[in-house]
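Enquirer: What follows is a structure written as structure tokens; I'll ask about it next.
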Amino acid sequence: MARRPTIVDVARLAGVSKSTAARAMSDSAEVNDATRDKVRKAALAVGYERNHLAVGMRSGRSGLFGLVIPDIANPFWAEVARGAQDLVAAHDASLLVFSSDWDHEREASHLRALRQARVEGAIVNPVSDSVDEFGRFGLPFVLIGSSAERFPDTPSIGSDIRQAVRLGLDHLEQMGHRSPALILGPKSRLARARFLRSVHEHCLERDIDPASLPVESGDYTVEGGFSAMQRLLEQQRDAHLTVFCANDLMALGAMMAARVAGRECPRDVSVLGFDGVPAGAFSWPGLTTIEKPARELGRRAAEALFDHLAGRALDGRTYLPCRLIERGSLADLRVVTPLRIAGGGRT
């Protein structure tokens, strides 16, 4: 294995002392421009890279930040990571990304790893129920997502779930879908409780019994949505079935289940998603969804973390509004569709 180039190699090629080469690489004002340029060219020639961890130990600044999200395979969280990375990169720093897989022990392990890497701060979608876990982190942090609402005294940023759910239900009602079935996440997730509470508020305002809405549980995956939709289709074989899913992956799974069962979307089945992941634009039909501002969420969280480091006061909880994206997965039940008969004609 080839030896890693050192500052000594750079100094030798540049024809300067080791200390001069080190000062030039750290942009010291004690080194003139000509020498600095010569040293940097030498560093490039030998393939030398500074040990940022060692530099951070000396300066107290590592240029590294952490992000702990629950599922890096979910496109929504990938967009959050991209937003955070863009903002961190704009500050000439780097972002270390970890996936907790909704596991408390894994989250704790990632926080320890970030602390050992001497990151300057972290953005976390919390799995732990205890804020003490983050107190032991010992570094500046900002929380994101619905789970962060468990810690009202800690700065956090998330989508406005109440506004988003009402936006979806209002749109369904305008399209003639008064009592949709729901495919929600696991009962252990705070996001499910927030979603369901907003549904109940909407129903009570319109004199609808919330208990009349069929509810199935998934796990925020395509497979979970597929299985939940199969159960709903078994319960409602004939009438038009409308489903509001708590994330887009489950919505896409629900559309697949309807297709497998021989039900056509949106003629027989209507599906509304939640998140706004890019894949929804490429399904057939395109998925109508409530888009959460994933990339903006990541960017704002990173911005808040830099504000924290700069000593600027942070608000307790910041809610970002969501928006409706209309595609083709919802039928307009206000329009009477002609019946199809065996011979292919219309009546």
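Following the order of the structure tokens, chains are lettered A, B, ..., residues in each are numbered from 1, and ligands are numbered from 1.
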Using only C-alpha atoms, determine which residues lie at most 7 Å from A:Phe226, disregarding the query and same-chain residues fewer than 5 positions distant; provide the list as a VMD selection string.
Expert: chain A and resid 250 253 to 254 256 to 257
Enquirer: Just the residues within 8 Å of stretch 196-201 of chain A, please, counting only C-alpha atoms, with nothing from its chain fewer than 4 positions along; format it as a VMD selection string.
Expert: chain A and resid 161 to 162 165 to 166 169 192 205 210
Enquirer: Could you write out that same residue set with all heavy atoms as a tab-separated table (two decimals), in the first residue's frame?
Expert:
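For reference, result25.tsv as written:
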chain	number	residue	atom	x	y	z
A	161	ILE	N	-47.78	19.75	9.91
A	161	ILE	CA	-48.62	18.58	9.64
A	161	ILE	C	-50.11	18.94	9.70
A	161	ILE	O	-50.91	18.48	8.87
A	161	ILE	CB	-48.31	17.44	10.63
A	161	ILE	CG1	-46.82	17.06	10.55
A	161	ILE	CG2	-49.20	16.23	10.35
A	161	ILE	CD1	-46.39	16.57	9.19
A	162	ARG	N	-50.49	19.75	10.66
A	162	ARG	CA	-51.90	20.13	10.79
A	162	ARG	C	-52.37	20.84	9.53
A	162	ARG	O	-53.43	20.52	8.98
A	162	ARG	CB	-52.09	21.02	12.02
A	162	ARG	CG	-53.53	21.41	12.31
A	162	ARG	CD	-53.60	22.15	13.64
A	162	ARG	NE	-54.98	22.45	14.00
A	162	ARG	CZ	-55.62	23.57	13.65
A	162	ARG	NH1	-55.01	24.48	12.89
A	162	ARG	NH2	-56.87	23.76	14.02
A	165	VAL	N	-52.45	18.20	6.52
A	165	VAL	CA	-53.56	17.25	6.54
A	165	VAL	C	-54.87	17.94	6.17
A	165	VAL	O	-55.68	17.41	5.40
A	165	VAL	CB	-53.66	16.58	7.93
A	165	VAL	CG1	-54.96	15.76	8.04
A	165	VAL	CG2	-52.45	15.68	8.18
A	166	ARG	N	-55.09	19.12	6.71
A	166	ARG	CA	-56.31	19.86	6.39
A	166	ARG	C	-56.34	20.24	4.91
A	166	ARG	O	-57.40	20.22	4.29
A	166	ARG	CB	-56.39	21.11	7.26
A	166	ARG	CG	-56.78	20.80	8.71
A	166	ARG	CD	-56.64	22.01	9.60
A	166	ARG	NE	-57.26	21.75	10.90
A	166	ARG	CZ	-58.49	22.09	11.23
A	166	ARG	NH1	-59.25	22.73	10.36
A	166	ARG	NH2	-58.99	21.81	12.42
A	169	LEU	N	-57.42	17.05	3.13
A	169	LEU	CA	-58.83	16.72	3.35
A	169	LEU	C	-59.76	17.73	2.68
A	169	LEU	O	-60.82	17.35	2.15
A	169	LEU	CB	-59.12	16.65	4.85
A	169	LEU	CG	-58.45	15.48	5.58
A	169	LEU	CD1	-58.63	15.62	7.09
A	169	LEU	CD2	-59.01	14.14	5.10
A	192	ARG	N	-47.86	9.66	13.36
A	192	ARG	CA	-49.20	9.08	13.18
A	192	ARG	C	-50.22	9.82	14.05
A	192	ARG	O	-51.32	10.16	13.60
A	192	ARG	CB	-49.19	7.59	13.54
A	192	ARG	CG	-50.59	6.95	13.52
A	192	ARG	CD	-50.55	5.55	14.09
A	192	ARG	NE	-51.90	5.02	14.27
A	192	ARG	CZ	-52.41	4.01	13.59
A	192	ARG	NH1	-51.70	3.42	12.65
A	192	ARG	NH2	-53.63	3.58	13.83
A	205	GLU	N	-65.32	19.33	12.79
A	205	GLU	CA	-65.78	20.62	12.28
A	205	GLU	C	-66.85	20.47	11.21
A	205	GLU	O	-67.64	21.39	10.97
A	205	GLU	CB	-64.59	21.41	11.71
A	205	GLU	CG	-63.64	21.92	12.79
A	205	GLU	CD	-62.38	22.51	12.19
A	205	GLU	OE1	-62.30	22.60	10.93
A	205	GLU	OE2	-61.48	22.90	12.94
A	210	PRO	N	-65.31	10.73	13.17
A	210	PRO	CA	-63.98	10.25	12.79
A	210	PRO	C	-63.87	8.73	12.79
A	210	PRO	O	-63.10	8.16	12.02
A	210	PRO	CB	-63.06	10.88	13.84
A	210	PRO	CG	-63.81	12.04	14.38
A	210	PRO	CD	-65.26	11.65	14.33
Enquirer: For the alpha helix (DSSP H) assignment from backbone DSSP, which residues of stretch 14-157 of chain A qualify? Please present them as a PDB file with N, CA, C and O atoms, in the first residue's frame.
Expert:
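Result written to states.pdb:
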ATOM      1  N   ALA A  14       8.674  21.755  -2.439  1.00  0.00           N
ATOM      2  CA  ALA A  14       8.559  23.203  -2.573  1.00  0.00           C
ATOM      3  C   ALA A  14       9.860  23.928  -2.229  1.00  0.00           C
ATOM      4  O   ALA A  14      10.010  25.120  -2.519  1.00  0.00           O
ATOM      5  N   LYS A  18       9.509  22.604   6.847  1.00  0.00           N
ATOM      6  CA  LYS A  18       8.237  21.970   7.199  1.00  0.00           C
ATOM      7  C   LYS A  18       7.281  22.988   7.821  1.00  0.00           C
ATOM      8  O   LYS A  18       6.083  23.005   7.500  1.00  0.00           O
ATOM      9  N   SER A  19       7.795  23.856   8.695  1.00  0.00           N
ATOM     10  CA  SER A  19       6.929  24.831   9.367  1.00  0.00           C
ATOM     11  C   SER A  19       6.375  25.859   8.379  1.00  0.00           C
ATOM     12  O   SER A  19       5.217  26.272   8.484  1.00  0.00           O
ATOM     13  N   THR A  20       7.188  26.245   7.402  1.00  0.00           N
ATOM     14  CA  THR A  20       6.710  27.195   6.388  1.00  0.00           C
ATOM     15  C   THR A  20       5.606  26.547   5.539  1.00  0.00           C
ATOM     16  O   THR A  20       4.582  27.183   5.225  1.00  0.00           O
ATOM     17  N   ALA A  21       5.826  25.287   5.163  1.00  0.00           N
ATOM     18  CA  ALA A  21       4.815  24.575   4.373  1.00  0.00           C
ATOM     19  C   ALA A  21       3.503  24.475   5.151  1.00  0.00           C
ATOM     20  O   ALA A  21       2.413  24.673   4.601  1.00  0.00           O
ATOM     21  N   ALA A  22       3.601  24.175   6.451  1.00  0.00           N
ATOM     22  CA  ALA A  22       2.396  24.045   7.277  1.00  0.00           C
ATOM     23  C   ALA A  22       1.669  25.377   7.384  1.00  0.00           C
ATOM     24  O   ALA A  22       0.437  25.439   7.301  1.00  0.00           O
ATOM     25  N   ARG A  23       2.443  26.480   7.559  1.00  0.00           N
ATOM     26  CA  ARG A  23       1.805  27.789   7.652  1.00  0.00           C
ATOM     27  C   ARG A  23       1.146  28.176   6.333  1.00  0.00           C
ATOM     28  O   ARG A  23       0.065  28.767   6.308  1.00  0.00           O
ATOM     29  N   ALA A  24       1.779  27.827   5.225  1.00  0.00           N
ATOM     30  CA  ALA A  24       1.220  28.143   3.912  1.00  0.00           C
ATOM     31  C   ALA A  24      -0.088  27.397   3.686  1.00  0.00           C
ATOM     32  O   ALA A  24      -1.062  27.945   3.146  1.00  0.00           O
ATOM     33  N   MET A  25      -0.142  26.138   4.125  1.00  0.00           N
ATOM     34  CA  MET A  25      -1.354  25.336   3.931  1.00  0.00           C
ATOM     35  C   MET A  25      -2.494  25.798   4.837  1.00  0.00           C
ATOM     36  O   MET A  25      -3.656  25.509   4.559  1.00  0.00           O
ATOM     37  N   ASP A  33       2.485  35.512  -0.745  1.00  0.00           N
ATOM     38  CA  ASP A  33       1.663  34.866  -1.768  1.00  0.00           C
ATOM     39  C   ASP A  33       2.474  33.941  -2.658  1.00  0.00           C
ATOM     40  O   ASP A  33       1.998  32.857  -3.045  1.00  0.00           O
ATOM     41  N   ALA A  34       3.678  34.320  -3.007  1.00  0.00           N
ATOM     42  CA  ALA A  34       4.499  33.499  -3.906  1.00  0.00           C
ATOM     43  C   ALA A  34       4.838  32.160  -3.262  1.00  0.00           C
ATOM     44  O   ALA A  34       4.746  31.098  -3.896  1.00  0.00           O
ATOM     45  N   THR A  35       5.221  32.209  -1.977  1.00  0.00           N
ATOM     46  CA  THR A  35       5.547  30.964  -1.269  1.00  0.00           C
ATOM     47  C   THR A  35       4.303  30.098  -1.087  1.00  0.00           C
ATOM     48  O   THR A  35       4.352  28.869  -1.254  1.00  0.00           O
ATOM     49  N   ARG A  36       3.198  30.761  -0.731  1.00  0.00           N
ATOM     50  CA  ARG A  36       1.951  30.014  -0.551  1.00  0.00           C
ATOM     51  C   ARG A  36       1.559  29.301  -1.846  1.00  0.00           C
ATOM     52  O   ARG A  36       1.170  28.133  -1.831  1.00  0.00           O
ATOM     53  N   ASP A  37       1.677  29.971  -2.969  1.00  0.00           N
ATOM     54  CA  ASP A  37       1.335  29.375  -4.263  1.00  0.00           C
ATOM     55  C   ASP A  37       2.258  28.200  -4.576  1.00  0.00           C
ATOM     56  O   ASP A  37       1.806  27.157  -5.062  1.00  0.00           O
ATOM     57  N   LYS A  38       3.553  28.362  -4.285  1.00  0.00           N
ATOM     58  CA  LYS A  38       4.522  27.295  -4.547  1.00  0.00           C
ATOM     59  C   LYS A  38       4.220  26.060  -3.694  1.00  0.00           C
ATOM     60  O   LYS A  38       4.265  24.923  -4.166  1.00  0.00           O
ATOM     61  N   VAL A  39       3.880  26.281  -2.424  1.00  0.00           N
ATOM     62  CA  VAL A  39       3.574  25.171  -1.515  1.00  0.00           C
ATOM     63  C   VAL A  39       2.293  24.448  -1.951  1.00  0.00           C
ATOM     64  O   VAL A  39       2.224  23.208  -1.943  1.00  0.00           O
ATOM     65  N   ARG A  40       1.279  25.190  -2.339  1.00  0.00           N
ATOM     66  CA  ARG A  40       0.024  24.554  -2.760  1.00  0.00           C
ATOM     67  C   ARG A  40       0.209  23.732  -4.031  1.00  0.00           C
ATOM     68  O   ARG A  40      -0.389  22.665  -4.194  1.00  0.00           O
ATOM     69  N   LYS A  41       1.019  24.214  -4.943  1.00  0.00           N
ATOM     70  CA  LYS A  41       1.305  23.438  -6.160  1.00  0.00           C
ATOM     71  C   LYS A  41       2.059  22.162  -5.816  1.00  0.00           C
ATOM     72  O   LYS A  41       1.803  21.101  -6.402  1.00  0.00           O
ATOM     73  N   ALA A  42       2.949  22.252  -4.859  1.00  0.00           N
ATOM     74  CA  ALA A  42       3.688  21.066  -4.423  1.00  0.00           C
ATOM     75  C   ALA A  42       2.744  20.056  -3.766  1.00  0.00           C
ATOM     76  O   ALA A  42       2.846  18.843  -3.982  1.00  0.00           O
ATOM     77  N   ALA A  43       1.818  20.573  -2.945  1.00  0.00           N
ATOM     78  CA  ALA A  43       0.842  19.699  -2.282  1.00  0.00           C
ATOM     79  C   ALA A  43      -0.015  18.969  -3.311  1.00  0.00           C
ATOM     80  O   ALA A  43      -0.294  17.769  -3.176  1.00  0.00           O
ATOM     81  N   LEU A  44      -0.417  19.683  -4.345  1.00  0.00           N
ATOM     82  CA  LEU A  44      -1.222  19.074  -5.397  1.00  0.00           C
ATOM     83  C   LEU A  44      -0.414  18.021  -6.140  1.00  0.00           C
ATOM     84  O   LEU A  44      -0.923  16.946  -6.474  1.00  0.00           O
ATOM     85  N   ALA A  45       0.859  18.295  -6.373  1.00  0.00           N
ATOM     86  CA  ALA A  45       1.715  17.373  -7.125  1.00  0.00           C
ATOM     87  C   ALA A  45       1.943  16.060  -6.377  1.00  0.00           C
ATOM     88  O   ALA A  45       1.961  14.983  -6.977  1.00  0.00           O
ATOM     89  N   VAL A  46       2.101  16.143  -5.048  1.00  0.00           N
ATOM     90  CA  VAL A  46       2.371  14.906  -4.288  1.00  0.00           C
ATOM     91  C   VAL A  46       1.099  14.238  -3.798  1.00  0.00           C
ATOM     92  O   VAL A  46       1.127  13.140  -3.244  1.00  0.00           O
ATOM     93  N   HIS A  52      -7.927  17.057   8.550  1.00  0.00           N
ATOM     94  CA  HIS A  52      -8.848  18.026   9.145  1.00  0.00           C
ATOM     95  C   HIS A  52      -9.176  17.703  10.601  1.00  0.00           C
ATOM     96  O   HIS A  52      -9.466  18.601  11.389  1.00  0.00           O
ATOM     97  N   LEU A  53      -9.145  16.418  10.958  1.00  0.00           N
ATOM     98  CA  LEU A  53      -9.419  16.066  12.350  1.00  0.00           C
ATOM     99  C   LEU A  53      -8.319  16.616  13.250  1.00  0.00           C
ATOM    100  O   LEU A  53      -8.577  17.186  14.305  1.00  0.00           O
ATOM    101  N   ALA A  54      -7.065  16.451  12.809  1.00  0.00           N
ATOM    102  CA  ALA A  54      -5.941  16.973  13.596  1.00  0.00           C
ATOM    103  C   ALA A  54      -5.999  18.489  13.664  1.00  0.00           C
ATOM    104  O   ALA A  54      -5.756  19.092  14.713  1.00  0.00           O
ATOM    105  N   VAL A  55      -6.329  19.122  12.542  1.00  0.00           N
ATOM    106  CA  VAL A  55      -6.457  20.580  12.522  1.00  0.00           C
ATOM    107  C   VAL A  55      -7.552  21.021  13.485  1.00  0.00           C
ATOM    108  O   VAL A  55      -7.415  21.991  14.233  1.00  0.00           O
ATOM    109  N   GLY A  56      -8.657  20.287  13.477  1.00  0.00           N
ATOM    110  CA  GLY A  56      -9.768  20.622  14.359  1.00  0.00           C
ATOM    111  C   GLY A  56      -9.410  20.496  15.830  1.00  0.00           C
ATOM    112  O   GLY A  56      -9.849  21.275  16.661  1.00  0.00           O
ATOM    113  N   MET A  57      -8.596  19.485  16.152  1.00  0.00           N
ATOM    114  CA  MET A  57      -8.181  19.304  17.543  1.00  0.00           C
ATOM    115  C   MET A  57      -7.342  20.492  18.013  1.00  0.00           C
ATOM    116  O   MET A  57      -7.410  20.895  19.168  1.00  0.00           O
ATOM    117  N   ARG A  58      -6.554  21.070  17.104  1.00  0.00           N
ATOM    118  CA  ARG A  58      -5.722  22.213  17.475  1.00  0.00           C
ATOM    119  C   ARG A  58      -6.518  23.517  17.507  1.00  0.00           C
ATOM    120  O   ARG A  58      -6.296  24.363  18.358  1.00  0.00           O
ATOM    121  N   SER A  59      -7.432  23.664  16.569  1.00  0.00           N
ATOM    122  CA  SER A  59      -8.137  24.941  16.427  1.00  0.00           C
ATOM    123  C   SER A  59      -9.488  24.997  17.122  1.00  0.00           C
ATOM    124  O   SER A  59     -10.040  26.070  17.336  1.00  0.00           O
ATOM    125  N   PRO A  75     -36.839   8.608  -0.052  1.00  0.00           N
ATOM    126  CA  PRO A  75     -36.496   9.805  -0.829  1.00  0.00           C
ATOM    127  C   PRO A  75     -36.769  11.110  -0.097  1.00  0.00           C
ATOM    128  O   PRO A  75     -36.085  12.111  -0.337  1.00  0.00           O
ATOM    129  N   PHE A  76     -37.766  11.128   0.788  1.00  0.00           N
ATOM    130  CA  PHE A  76     -38.038  12.347   1.548  1.00  0.00           C
ATOM    131  C   PHE A  76     -36.826  12.729   2.389  1.00  0.00           C
ATOM    132  O   PHE A  76     -36.385  13.886   2.383  1.00  0.00           O
ATOM    133  N   TRP A  77     -36.266  11.766   3.121  1.00  0.00           N
ATOM    134  CA  TRP A  77     -35.136  12.064   3.984  1.00  0.00           C
ATOM    135  C   TRP A  77     -33.880  12.333   3.174  1.00  0.00           C
ATOM    136  O   TRP A  77     -33.002  13.094   3.618  1.00  0.00           O
ATOM    137  N   ALA A  78     -33.783  11.734   2.000  1.00  0.00           N
ATOM    138  CA  ALA A  78     -32.653  12.053   1.119  1.00  0.00           C
ATOM    139  C   ALA A  78     -32.695  13.521   0.700  1.00  0.00           C
ATOM    140  O   ALA A  78     -31.662  14.196   0.609  1.00  0.00           O
ATOM    141  N   GLU A  79     -33.897  14.039   0.453  1.00  0.00           N
ATOM    142  CA  GLU A  79     -34.054  15.455   0.099  1.00  0.00           C
ATOM    143  C   GLU A  79     -33.709  16.351   1.283  1.00  0.00           C
ATOM    144  O   GLU A  79     -33.119  17.432   1.114  1.00  0.00           O
ATOM    145  N   VAL A  80     -34.093  15.930   2.486  1.00  0.00           N
ATOM    146  CA  VAL A  80     -33.725  16.687   3.686  1.00  0.00           C
ATOM    147  C   VAL A  80     -32.202  16.780   3.788  1.00  0.00           C
ATOM    148  O   VAL A  80     -31.631  17.850   4.051  1.00  0.00           O
ATOM    149  N   ALA A  81     -31.543  15.630   3.571  1.00  0.00           N
ATOM    150  CA  ALA A  81     -30.080  15.598   3.643  1.00  0.00           C
ATOM    151  C   ALA A  81     -29.461  16.516   2.601  1.00  0.00           C
ATOM    152  O   ALA A  81     -28.476  17.210   2.869  1.00  0.00           O
ATOM    153  N   ARG A  82     -30.047  16.540   1.393  1.00  0.00           N
ATOM    154  CA  ARG A  82     -29.500  17.394   0.340  1.00  0.00           C
ATOM    155  C   ARG A  82     -29.603  18.869   0.731  1.00  0.00           C
ATOM    156  O   ARG A  82     -28.673  19.651   0.510  1.00  0.00           O
ATOM    157  N   GLY A  83     -30.732  19.260   1.312  1.00  0.00           N
ATOM    158  CA  GLY A  83     -30.897  20.647   1.727  1.00  0.00           C
ATOM    159  C   GLY A  83     -29.889  21.046   2.789  1.00  0.00           C
ATOM    160  O   GLY A  83     -29.304  22.142   2.735  1.00  0.00           O
ATOM    161  N   ALA A  84     -29.661  20.147   3.761  1.00  0.00           N
ATOM    162  CA  ALA A  84     -28.684  20.434   4.810  1.00  0.00           C
ATOM    163  C   ALA A  84     -27.279  20.494   4.235  1.00  0.00           C
ATOM    164  O   ALA A  84     -26.480  21.383   4.578  1.00  0.00           O
ATOM    165  N   GLN A  85     -26.968  19.556   3.356  1.00  0.00           N
ATOM    166  CA  GLN A  85     -25.629  19.516   2.759  1.00  0.00           C
ATOM    167  C   GLN A  85     -25.329  20.781   1.959  1.00  0.00           C
ATOM    168  O   GLN A  85     -24.227  21.328   2.028  1.00  0.00           O
ATOM    169  N   ASP A  86     -26.307  21.264   1.197  1.00  0.00           N
ATOM    170  CA  ASP A  86     -26.097  22.466   0.388  1.00  0.00           C
ATOM    171  C   ASP A  86     -25.746  23.663   1.262  1.00  0.00           C
ATOM    172  O   ASP A  86     -24.856  24.448   0.929  1.00  0.00           O
ATOM    173  N   LEU A  87     -26.455  23.798   2.385  1.00  0.00           N
ATOM    174  CA  LEU A  87     -26.206  24.942   3.256  1.00  0.00           C
ATOM    175  C   LEU A  87     -24.851  24.810   3.957  1.00  0.00           C
ATOM    176  O   LEU A  87     -24.092  25.771   4.061  1.00  0.00           O
ATOM    177  N   VAL A  88     -24.540  23.587   4.417  1.00  0.00           N
ATOM    178  CA  VAL A  88     -23.259  23.347   5.085  1.00  0.00           C
ATOM    179  C   VAL A  88     -22.102  23.587   4.117  1.00  0.00           C
ATOM    180  O   VAL A  88     -21.088  24.202   4.471  1.00  0.00           O
ATOM    181  N   ALA A  89     -22.255  23.115   2.869  1.00  0.00           N
ATOM    182  CA  ALA A  89     -21.206  23.311   1.866  1.00  0.00           C
ATOM    183  C   ALA A  89     -20.979  24.785   1.570  1.00  0.00           C
ATOM    184  O   ALA A  89     -19.855  25.213   1.299  1.00  0.00           O
ATOM    185  N   ALA A  90     -22.049  25.573   1.626  1.00  0.00           N
ATOM    186  CA  ALA A  90     -21.923  27.010   1.389  1.00  0.00           C
ATOM    187  C   ALA A  90     -21.081  27.688   2.469  1.00  0.00           C
ATOM    188  O   ALA A  90     -20.580  28.793   2.266  1.00  0.00           O
ATOM    189  N   HIS A 104     -33.399   3.274  18.611  1.00  0.00           N
ATOM    190  CA  HIS A 104     -32.841   4.120  19.661  1.00  0.00           C
ATOM    191  C   HIS A 104     -31.357   3.844  19.890  1.00  0.00           C
ATOM    192  O   HIS A 104     -30.542   4.774  20.013  1.00  0.00           O
ATOM    193  N   GLU A 105     -30.983   2.570  19.964  1.00  0.00           N
ATOM    194  CA  GLU A 105     -29.580   2.234  20.215  1.00  0.00           C
ATOM    195  C   GLU A 105     -28.686   2.673  19.065  1.00  0.00           C
ATOM    196  O   GLU A 105     -27.562   3.146  19.280  1.00  0.00           O
ATOM    197  N   ARG A 106     -29.183   2.530  17.860  1.00  0.00           N
ATOM    198  CA  ARG A 106     -28.390   2.948  16.703  1.00  0.00           C
ATOM    199  C   ARG A 106     -28.222   4.461  16.688  1.00  0.00           C
ATOM    200  O   ARG A 106     -27.158   4.981  16.362  1.00  0.00           O
ATOM    201  N   GLU A 107     -29.283   5.169  17.048  1.00  0.00           N
ATOM    202  CA  GLU A 107     -29.186   6.623  17.138  1.00  0.00           C
ATOM    203  C   GLU A 107     -28.120   7.031  18.159  1.00  0.00           C
ATOM    204  O   GLU A 107     -27.284   7.912  17.880  1.00  0.00           O
ATOM    205  N   ALA A 108     -28.151   6.409  19.331  1.00  0.00           N
ATOM    206  CA  ALA A 108     -27.175   6.729  20.375  1.00  0.00           C
ATOM    207  C   ALA A 108     -25.753   6.442  19.893  1.00  0.00           C
ATOM    208  O   ALA A 108     -24.820   7.214  20.162  1.00  0.00           O
ATOM    209  N   SER A 109     -25.585   5.345  19.160  1.00  0.00           N
ATOM    210  CA  SER A 109     -24.271   4.995  18.614  1.00  0.00           C
ATOM    211  C   SER A 109     -23.790   6.039  17.617  1.00  0.00           C
ATOM    212  O   SER A 109     -22.609   6.419  17.609  1.00  0.00           O
ATOM    213  N   HIS A 110     -24.714   6.522  16.781  1.00  0.00           N
ATOM    214  CA  HIS A 110     -24.343   7.543  15.803  1.00  0.00           C
ATOM    215  C   HIS A 110     -23.941   8.851  16.493  1.00  0.00           C
ATOM    216  O   HIS A 110     -22.993   9.521  16.064  1.00  0.00           O
ATOM    217  N   LEU A 111     -24.651   9.217  17.546  1.00  0.00           N
ATOM    218  CA  LEU A 111     -24.307  10.434  18.274  1.00  0.00           C
ATOM    219  C   LEU A 111     -22.923  10.315  18.905  1.00  0.00           C
ATOM    220  O   LEU A 111     -22.142  11.283  18.909  1.00  0.00           O
ATOM    221  N   ARG A 112     -22.594   9.128  19.421  1.00  0.00           N
ATOM    222  CA  ARG A 112     -21.249   8.915  19.983  1.00  0.00           C
ATOM    223  C   ARG A 112     -20.193   9.043  18.891  1.00  0.00           C
ATOM    224  O   ARG A 112     -19.137   9.652  19.093  1.00  0.00           O
ATOM    225  N   ALA A 113     -20.489   8.458  17.704  1.00  0.00           N
ATOM    226  CA  ALA A 113     -19.534   8.527  16.600  1.00  0.00           C
ATOM    227  C   ALA A 113     -19.307   9.961  16.150  1.00  0.00           C
ATOM    228  O   ALA A 113     -18.176  10.368  15.845  1.00  0.00           O
ATOM    229  N   LEU A 114     -20.366  10.757  16.128  1.00  0.00           N
ATOM    230  CA  LEU A 114     -20.234  12.162  15.731  1.00  0.00           C
ATOM    231  C   LEU A 114     -19.414  12.940  16.753  1.00  0.00           C
ATOM    232  O   LEU A 114     -18.592  13.793  16.384  1.00  0.00           O
ATOM    233  N   ARG A 115     -19.627  12.643  18.020  1.00  0.00           N
ATOM    234  CA  ARG A 115     -18.863  13.320  19.063  1.00  0.00           C
ATOM    235  C   ARG A 115     -17.379  12.969  18.944  1.00  0.00           C
ATOM    236  O   ARG A 115     -16.510  13.835  19.059  1.00  0.00           O
ATOM    237  N   GLN A 116     -17.095  11.687  18.686  1.00  0.00           N
ATOM    238  CA  GLN A 116     -15.704  11.250  18.525  1.00  0.00           C
ATOM    239  C   GLN A 116     -15.056  11.859  17.280  1.00  0.00           C
ATOM    240  O   GLN A 116     -13.844  12.068  17.239  1.00  0.00           O
ATOM    241  N   ASP A 132     -32.349  13.893  27.550  1.00  0.00           N
ATOM    242  CA  ASP A 132     -31.055  13.684  28.196  1.00  0.00           C
ATOM    243  C   ASP A 132     -30.057  13.047  27.236  1.00  0.00           C
ATOM    244  O   ASP A 132     -28.850  13.274  27.332  1.00  0.00           O
ATOM    245  N   GLU A 133     -30.564  12.234  26.315  1.00  0.00           N
ATOM    246  CA  GLU A 133     -29.697  11.596  25.324  1.00  0.00           C
ATOM    247  C   GLU A 133     -28.954  12.645  24.516  1.00  0.00           C
ATOM    248  O   GLU A 133     -27.764  12.497  24.211  1.00  0.00           O
ATOM    249  N   PHE A 134     -29.644  13.730  24.209  1.00  0.00           N
ATOM    250  CA  PHE A 134     -29.023  14.797  23.433  1.00  0.00           C
ATOM    251  C   PHE A 134     -28.201  15.713  24.327  1.00  0.00           C
ATOM    252  O   PHE A 134     -27.217  16.303  23.880  1.00  0.00           O
ATOM    253  N   GLY A 135     -28.581  15.797  25.603  1.00  0.00           N
ATOM    254  CA  GLY A 135     -27.771  16.559  26.542  1.00  0.00           C
ATOM    255  C   GLY A 135     -26.397  15.933  26.692  1.00  0.00           C
ATOM    256  O   GLY A 135     -25.387  16.632  26.783  1.00  0.00           O
TER     257      GLY A 135
END
Enquirer: By how many Å are atom CA of A:Ala246 and atom CA of A:Gln163 apart?
Expert: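 Straight-line distance from atom CA of A:Ala246 to atom CA of A:Gln163 works out to 13.7 Å.
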Enquirer: Tell me, as a PyMOL selection string, which residues lie within 8 Å of A:Thr288, counting only C-alpha atoms; anything in the same chain fewer than 6 positions away does not count.
Expert: chain A and resi 271-273+280+324-330
Enquirer: Using only C-alpha atoms, pick whichever of A:Leu213, A:Ala93, A:Leu320, A:Ala191 has the shortest atom-to-atom distance to A:Val127.
Expert: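 With only C-alpha atoms as the atom set, the closest residue is A:Ala191.
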Enquirer: If you measure from atom CA of A:Arg312 to atom CA of A:Phe98, what distance in Å do you get, rounded to one decimal?
Expert: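 Those two atoms sit 26.7 Å apart.
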Enquirer: Could you work out how far atom CA of A:Ser147 lies from atom CA of A:Pro126, giving the answer in Å with one decimal?
Expert: 5.9 Å
Enquirer: I'd like to know which of A:Glu264, A:Glu234, A:Asp248, A:Asp160 is closest to A:Gly276, using only C-alpha atoms.
Expert: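 Of the candidates, the smallest distance to A:Gly276 is held by A:Asp248.
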Enquirer: Using only C-alpha atoms, pick whichever of A:Phe282, A:Tyr48, A:Tyr319, A:Phe244 has the shortest atom-to-atom distance to A:Leu172.
Expert: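 Once distances to A:Leu172 are computed over only C-alpha atoms, the minimum belongs to A:Phe244.
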Enquirer: Rank A:Asp315, A:Ser28, A:Arg3, A:Ser270 by their smallest atom-to-atom distance to A:Gly176, using only C-alpha atoms, and report the top residue only.
Expert: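 When distances to A:Gly176 are compared using only C-alpha atoms, the smallest one comes from A:Ser270.
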Enquirer: From the set A:Ala211, A:Arg263, A:Ala313, A:Leu184, which residue has the shortest atom-to-atom contact distance to A:Ala251, counting only C-alpha atoms?
Expert: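 Among A:Ala211, A:Arg263, A:Ala313, A:Leu184, it is A:Leu184 that comes nearest to A:Ala251.
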Enquirer: Which residue out of A:Val68, A:Ala228, A:Ala29, A:Cys203 has the minimum interatomic distance to A:Leu182 when only C-alpha atoms are used?
Expert: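 That would be A:Ala228, the residue with the smallest distance to A:Leu182.
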Enquirer: Based on DSSP run over this structure's backbone, return all residues of stretch 190-309 of chain A in strand (DSSP E or B), as a VMD selection string.
Expert: chain A and resid 215 to 217 241 to 245 269 to 275 288 to 291
